[in-house]
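Notes for the one structure printed next.
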Amino acid sequence: MTQKQIQDAYIVAATRTPVARRNGAFRHVRPDDLLAHVLRAVVARVPGLDAREIGDVIVGCAMPEAEQGMNVARIGLLLAGLPDAVPGLTINRFCASGLQAVADAANRIRLGEADVMLAAGTESMTVMSQMMGNKMSINPRITAHAEHLGIAYGMGLTAEKVAQRWQVSRDDQDAFAVNSHQRAVAAIGAGRFRDEISPYLVHTRVPGEGGQTRISERLFEHDEGPRADASVAGLGKLRPVFAARGSVTAGNSSQMSDGAGAVLLMSEAALKRYNVQPVARFCSYAVAGVAPEVMGIGPVEAIPRALRQAGIRQDQLDWIELNEAFAAQALAVMRSLELDPARVNPLGSAIALGHPLGATGAIRTATLCAAMARQEARYGMVSMCIGTGMGAAGVFERV
C-alpha cells in the first residue's frame, strides 16, 4: 500500500450573512434558507467553478433539530441549487461547529479525498427558542453530580465561576463589552465587513388595503447587534443574570443571534485548474477539554496545541478572532495566555456582533480571511470556548 502525502488545503472564498439579533431581522427566516444563501454566494465568488466537483458540504449546527434538523447541510445545498450529486453532512461541536466544519473540510483535501470542499455553519436562535433544544432531556446522572453543573444548568454559571477563579471584576467585564461595541460600530462605519458579507433580501408580509397582505422587501446589509450608545455607566445598571451576587450580565455576555457563514476550500491542483488565487492556507486545528464548570477557559488549552501543530509561536499571530461568549471568559483567556489586546478582535466580537452558536466559527473565519487580506497579516487564528467544557482553535496563513 502506498502512503499518501499530506497536501495543503486553501481557502479561496468565504462569506457570511449579516448577523441579526434574536427575533430581529431574521425572525421569519429559516436557518436552512440562511445556509442556502451563503452556499450560493460563496460558490458564486469563483466564476466557472464546476459545482459537481464539490466533494462534500460540511455544515456546523449546535442545535440540529426542528427547522435546522433533517441533515440541514443536505437540505441547504439542495435549496441552494447545487447538483444532486453533491453530498452534505451536518456536524455538531456546539459553539465550535462552524470552525470544526472548516477543519474537517480542509482535512478531506489534505488527505487527497477531495479537491473542492464547502464548509459552513448556520444557526437560528430565534427558531431554537430554548437554549437546550426543543426537548431538553439531560441524563439524570449528569445533574446529580456537582462537577457537571456546567452541563446541567447552563453556561452563565460557568462564566461566573471563571470570573471568580480568574478574578475578573465586573468593571473589567463591562469595559471589555463597551470596547467590543465601539470596535464593531467603528468597523461598520468604515466598511470593514463589506467584503465578507453577502446581504440578504428579507421578505415580510404586512397588512394591506381591503384585508389583503403585501410583501415588503428589505435588503439586510449590516450586523444588527453593535450599539453606538453602549457605555460603562449604562452597562453598570444591569443586574446579574445567573447569580444574585454575580458579575455576569446580559450586557457583558454574547448576544443570542441568527446567521450563517460559508467557506470554499480547494487543493493546489484545483487552484491551478481554475486559475484561482487563494486567500489563506489552512495550517492547523486543535480541540481540548476542560472542566465543564469552567468551560470558558477552553481556548487556553486549545490555542497552544494549534500553534504547535502549525509550527509557529504565539507572537507570530497578527490577528486573533477570539469569540466573546462572555467578557469574563474572554478576559481570563487573554490574561492566562498573555494575548496582545490590540490583536484580539480588532473589529469587535460576539458581545457586539452576536454569536449564532454553530455558525460562529464559519462567520469568524470569513471575518479573519477578509481582515488578513486587508491588513496583509501573515498568520491569523479563530478560537472559542465550547459548552460542556472544551476549547477550539484554528490557525490560518495568508497567501
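If you're wondering about the labels, chains in the C-alpha cells are A, B, ... by order shown, residues count from 1 in each chain, ligands from 1 in order shown.
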At most 8 Å is the cut-off: for each residue in range 3-80 of chain A with any atom that close to an atom of range 100-104 of chain A, write down the nearest atom pair and the distance in Å rounded to one decimal, counting only C-alpha atoms, chain first then increasing number, as a tab-separated table.
residue	atom	partner	partner_atom	distance
A:Ile58	CA	A:Ala101	CA	5.5
A:Val59	CA	A:Ala101	CA	5.8
A:Gly60	CA	A:Ala101	CA	5.7
Can you tell me which residues surround Gly311 in chain A at a distance of at most 12 Å, considering only C-alpha atoms, apart from same-chain residues fewer than 5 positions away, and format the answer as a PDB file with C-alpha atoms, in the first residue's frame?
ATOM      1  CA  CYS A 283      -2.458  25.451   8.929  1.00  0.00           C
ATOM      2  CA  SER A 284      -3.862  23.596  11.931  1.00  0.00           C
ATOM      3  CA  TYR A 285      -6.818  22.924  14.189  1.00  0.00           C
ATOM      4  CA  PRO A 304      -1.099  26.232  22.336  1.00  0.00           C
ATOM      5  CA  ARG A 305      -1.917  22.894  20.685  1.00  0.00           C
ATOM      6  CA  ALA A 306      -2.964  24.576  17.454  1.00  0.00           C
ATOM      7  CA  GLN A 316       3.566  35.454  15.178  1.00  0.00           C
ATOM      8  CA  LEU A 317      -0.235  35.740  15.214  1.00  0.00           C
ATOM      9  CA  TYR A 379      -0.925  34.436  10.451  1.00  0.00           C
ATOM     10  CA  VAL A 395      -4.639  28.738  12.526  1.00  0.00           C
ATOM     11  CA  PHE A 396      -4.522  30.170   9.003  1.00  0.00           C
ATOM     12  CA  GLU A 397      -1.771  31.718   6.871  1.00  0.00           C
TER      13      GLU A 397
END
For this session: For range 320-334 of chain A, please output as a PyMOL selection string all residues within 7 Å (counting only C-alpha atoms; exclusion window: fewer than 5 positions along the same chain).
Result: chain A and resi 159+162-163+166+168+173+176-177+252-254+296-297+299-300+339+343-345+349-351+364+368+380-384
Need the shell around Val399 in chain A: protein/DNA/RNA residues with any atom at most 8 Å away, counting only C-alpha atoms. Skip same-chain ones fewer than 6 positions apart. Format as a PDB file with N, CA and C atoms, in the first residue's frame?
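Contents of part21.pdb, freshly written:
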ATOM      1  N   PRO A 278      -5.650  31.831  -3.959  1.00  0.00           N
ATOM      2  CA  PRO A 278      -6.238  31.559  -2.637  1.00  0.00           C
ATOM      3  C   PRO A 278      -6.130  32.763  -1.707  1.00  0.00           C
ATOM      4  N   VAL A 279      -6.998  32.750  -0.706  1.00  0.00           N
ATOM      5  CA  VAL A 279      -6.987  33.787   0.319  1.00  0.00           C
ATOM      6  C   VAL A 279      -6.064  33.392   1.467  1.00  0.00           C
ATOM      7  N   ALA A 280      -6.140  32.138   1.860  1.00  0.00           N
ATOM      8  CA  ALA A 280      -5.363  31.679   3.018  1.00  0.00           C
ATOM      9  C   ALA A 280      -5.127  30.178   2.923  1.00  0.00           C
ATOM     10  N   ARG A 281      -4.104  29.738   3.625  1.00  0.00           N
ATOM     11  CA  ARG A 281      -3.815  28.308   3.745  1.00  0.00           C
ATOM     12  C   ARG A 281      -4.237  27.841   5.132  1.00  0.00           C
ATOM     13  N   ARG A 378       0.097  37.958   8.183  1.00  0.00           N
ATOM     14  CA  ARG A 378       0.542  36.650   7.720  1.00  0.00           C
ATOM     15  C   ARG A 378      -0.220  35.521   8.392  1.00  0.00           C
TER      16      ARG A 378
END
Exercise. So which bits of range 36-177 of chain A end up alpha helix (DSSP H) when you DSSP the backbone, as a PyMOL selection string?
Worked result: chain A and resi 36-44+72-79+97-110+140-143+149-152+155-165+170-177
Problem set entry | Contact residues around Val46 in chain A with only C-alpha atoms at 12 Å, ignoring same-chain residues under 4 positions, as an MDAnalysis selection string | chainID A and resid 11:14 39:42 50:51 116 263:266 270:271 274:278
Take the selection from the previous step and output its residues with C-alpha atoms, as a PDB file, in the first residue's frame.
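Saved to out-v9.pdb:
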ATOM      1  CA  ILE A  11      -9.443  28.894   1.399  1.00  0.00           C
ATOM      2  CA  VAL A  12     -10.393  30.569  -1.860  1.00  0.00           C
ATOM      3  CA  ALA A  13     -13.568  32.351  -0.742  1.00  0.00           C
ATOM      4  CA  ALA A  14     -15.507  32.976   2.457  1.00  0.00           C
ATOM      5  CA  LEU A  39     -23.635  28.495  -0.077  1.00  0.00           C
ATOM      6  CA  ARG A  40     -24.860  30.121  -3.289  1.00  0.00           C
ATOM      7  CA  ALA A  41     -22.908  33.281  -2.520  1.00  0.00           C
ATOM      8  CA  VAL A  42     -19.580  31.604  -1.803  1.00  0.00           C
ATOM      9  CA  ASP A  50     -17.988  23.224 -11.676  1.00  0.00           C
ATOM     10  CA  ALA A  51     -20.135  22.564  -8.592  1.00  0.00           C
ATOM     11  CA  VAL A 116     -13.046  21.104  -3.686  1.00  0.00           C
ATOM     12  CA  VAL A 263     -16.086  28.804   3.245  1.00  0.00           C
ATOM     13  CA  LEU A 264     -14.905  27.341  -0.079  1.00  0.00           C
ATOM     14  CA  LEU A 265     -11.682  25.307   0.040  1.00  0.00           C
ATOM     15  CA  MET A 266      -9.518  23.833  -2.724  1.00  0.00           C
ATOM     16  CA  ALA A 270      -7.875  22.702  -8.124  1.00  0.00           C
ATOM     17  CA  LEU A 271      -6.319  26.153  -7.741  1.00  0.00           C
ATOM     18  CA  TYR A 274      -9.488  27.058 -12.041  1.00  0.00           C
ATOM     19  CA  ASN A 275      -6.693  29.636 -12.068  1.00  0.00           C
ATOM     20  CA  VAL A 276      -7.765  30.850  -8.619  1.00  0.00           C
ATOM     21  CA  GLN A 277      -5.658  32.875  -6.189  1.00  0.00           C
ATOM     22  CA  PRO A 278      -6.238  31.559  -2.637  1.00  0.00           C
TER      23      PRO A 278
END
